[in-house]
Structure formats: structure tokens, C-alpha cells
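As C-alpha cells, the structure follows; a few thoughts come after it.
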Amino acid sequence: MLGYNRVILIGSLTRDPEIRYNPRGERVVRITLAIPNGRMTTDHFDVVFLSGNQGDSMEKLREGQWILIEGKMKQRRWKTPEGQSRARVEIIADTIEQLEKYPGRQTSQR
């Protein structure tokens, strides 16, 4: 039986996107997403996005901006030169949508 690997996250960027190119010439965008969890702590997730079809919109993302990400989790494993095993979980984003403001906060006009 196959599992189901899908995530949807809403949070704010902790820094401006890091944009690089892989050996195939594809643009790779790396960001860190901060998600307040309501218990006075914040979770941080590393996100990787191959920005082929949304390339120009990635240039507009800035630190502190709220975004919605849809994608999947991926675990990378490697060994250090000293032989220690390491692992890291990243979110591989399929889509990134810019949000106008902090979601869930209503402003009342009186």
C-alpha cells in the first residue's frame, strides 16, 4: 500500500528567498517558512521550489511576507566526511501563493 504525502502550509518568510541554478539550468528557490503554532512558539520549515513556471513571482517575495505552500515532504540522508549519518526533512513545494496579509485576522471597522 502506498502512503499519501501532501502538505499545505501557511506562514511567513524568515528571510528573502535564496535563488540559485542547478546543473540543468533550472532555478531553485530556497526559503524558510515560520509558522506560529499558538503556544507561544513557532515552527520553522525549509522549503525548496523549482520555480520554472513561477519564476518572476519568486523575485517579489520578501522577508516577513505571508505565503501559502502546497507540496510534499522529502527526507534527505547523507554521511559527513567524518562518517556521521545526517538527515533533513524539507518541503518540496509544487505551488507558492502570495497572501495579502496575515490569514485569520479580521479587522473590524467601527
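Please note that chains go A, B, ... in the order of the C-alpha cells, that every chain numbers its residues from 1, and that ligands are numbered from 1 in the order shown.
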Report task. Go through region 13-84 of chain A and collect every residue that DSSP, computed from the backbone, puts in strand (DSSP E or B); the answer should be as a ChimeraX atom specification. Result -> /A:13,18-21,27-36,42-50,66-79
Where does region 42-75 of chain A meet region 91-101 of chain A within 8 Å, residue by residue, with the nearest atom pair and distance in Å to one decimal for each, counting only C-alpha atoms, listed by chain and rising number, as CSV?
residue,atom,partner,partner_atom,distance
A:Phe45,CA,A:Ile91,CA,7.1
A:Asp46,CA,A:Ile91,CA,6.2
A:Val47,CA,A:Ile91,CA,4.6
A:Val48,CA,A:Ile92,CA,5.0
A:Phe49,CA,A:Ala93,CA,5.1
A:Leu50,CA,A:Ala93,CA,7.8
A:Leu61,CA,A:Gln98,CA,7.7
A:Gln65,CA,A:Leu99,CA,7.6
A:Trp66,CA,A:Leu99,CA,5.4
A:Ile67,CA,A:Gln98,CA,4.6
A:Leu68,CA,A:Glu97,CA,5.1
A:Ile69,CA,A:Ile96,CA,4.7
A:Glu70,CA,A:Thr95,CA,5.4
A:Gly71,CA,A:Ala93,CA,4.2
A:Lys72,CA,A:Ile92,CA,5.4
A:Met73,CA,A:Ile91,CA,4.6
A:Lys74,CA,A:Ile91,CA,6.2
Query raised in the report: Out of chain A, which residues get alpha helix (DSSP H) from DSSP, as a ChimeraX atom specification?
Result: /A:55-58
Restricting it to C-alpha atoms, dump the selection as a compact mmCIF listing (two decimals), in the first residue's frame.
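Saved result, selection-v5.txt, follows:
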# COMPACT_ATOMS: atom_id res chain seq x y z
CA GLY A 55 9.99 32.32 -11.81
CA ASP A 56 9.13 36.01 -11.87
CA SER A 57 6.77 35.83 -8.89
CA MET A 58 9.59 34.42 -6.72
Query - Counting only C-alpha atoms, the option among A:Val7, A:Ala34, A:Met40, A:Ala87 closest to Glu63 (chain A) - result: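 Of the candidates, the smallest distance to Glu63 (chain A) is held by A:Ala34.
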Requested in this report: Identify, on the basis of only C-alpha atoms, every residue whose closest approach to Trp78 (chain A) does not exceed 10 Å; exclude the query and any residue fewer than 6 positions from it along the same chain; express the result as a PyMOL selection string.
Outcome: chain A and resi 84-88
For C-alpha atoms, I'd like the residues from the last selection saved as a PDB file, in the first residue's frame.
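Heads up, here's the output in selection-v1.pdb:
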ATOM      1  CA  GLN A  84      28.288  10.592  10.854  1.00  0.00           C
ATOM      2  CA  SER A  85      24.798   9.975   9.478  1.00  0.00           C
ATOM      3  CA  ARG A  86      22.658  13.057   8.948  1.00  0.00           C
ATOM      4  CA  ALA A  87      19.068  13.568   7.868  1.00  0.00           C
ATOM      5  CA  ARG A  88      16.972  16.581   6.975  1.00  0.00           C
TER       6      ARG A  88
END
Query raised in the report: Which value, in Å to one decimal, gives the distance between CA of Asn5 (chain A) and CA of Val89 (chain A)?
Result: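 Those two atoms sit 12.7 Å apart.
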Report task. Can you work out which one of A:Gly11, A:Met1, A:Thr80, A:Gly64 has the shortest atom-to-atom distance to Asn37 (chain A), counting only C-alpha atoms? Result ->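 Of all the options, A:Gly11 lies closest to Asn37 (chain A).
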Requested in this report: Quote the spacing between CA of Thr41 (chain A) and CA of Ile8 (chain A) in Å to one decimal place.
Outcome: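 Computing the Euclidean distance for CA of Thr41 (chain A) and CA of Ile8 (chain A) yields 19.3 Å.
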Requested in this report: Would you mind reading off the distance between CA of Arg20 (chain A) and CA of Ser51 (chain A), one decimal, in Å?
Outcome: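 So the two atoms, CA of Arg20 (chain A) and CA of Ser51 (chain A), lie 10.3 Å apart.
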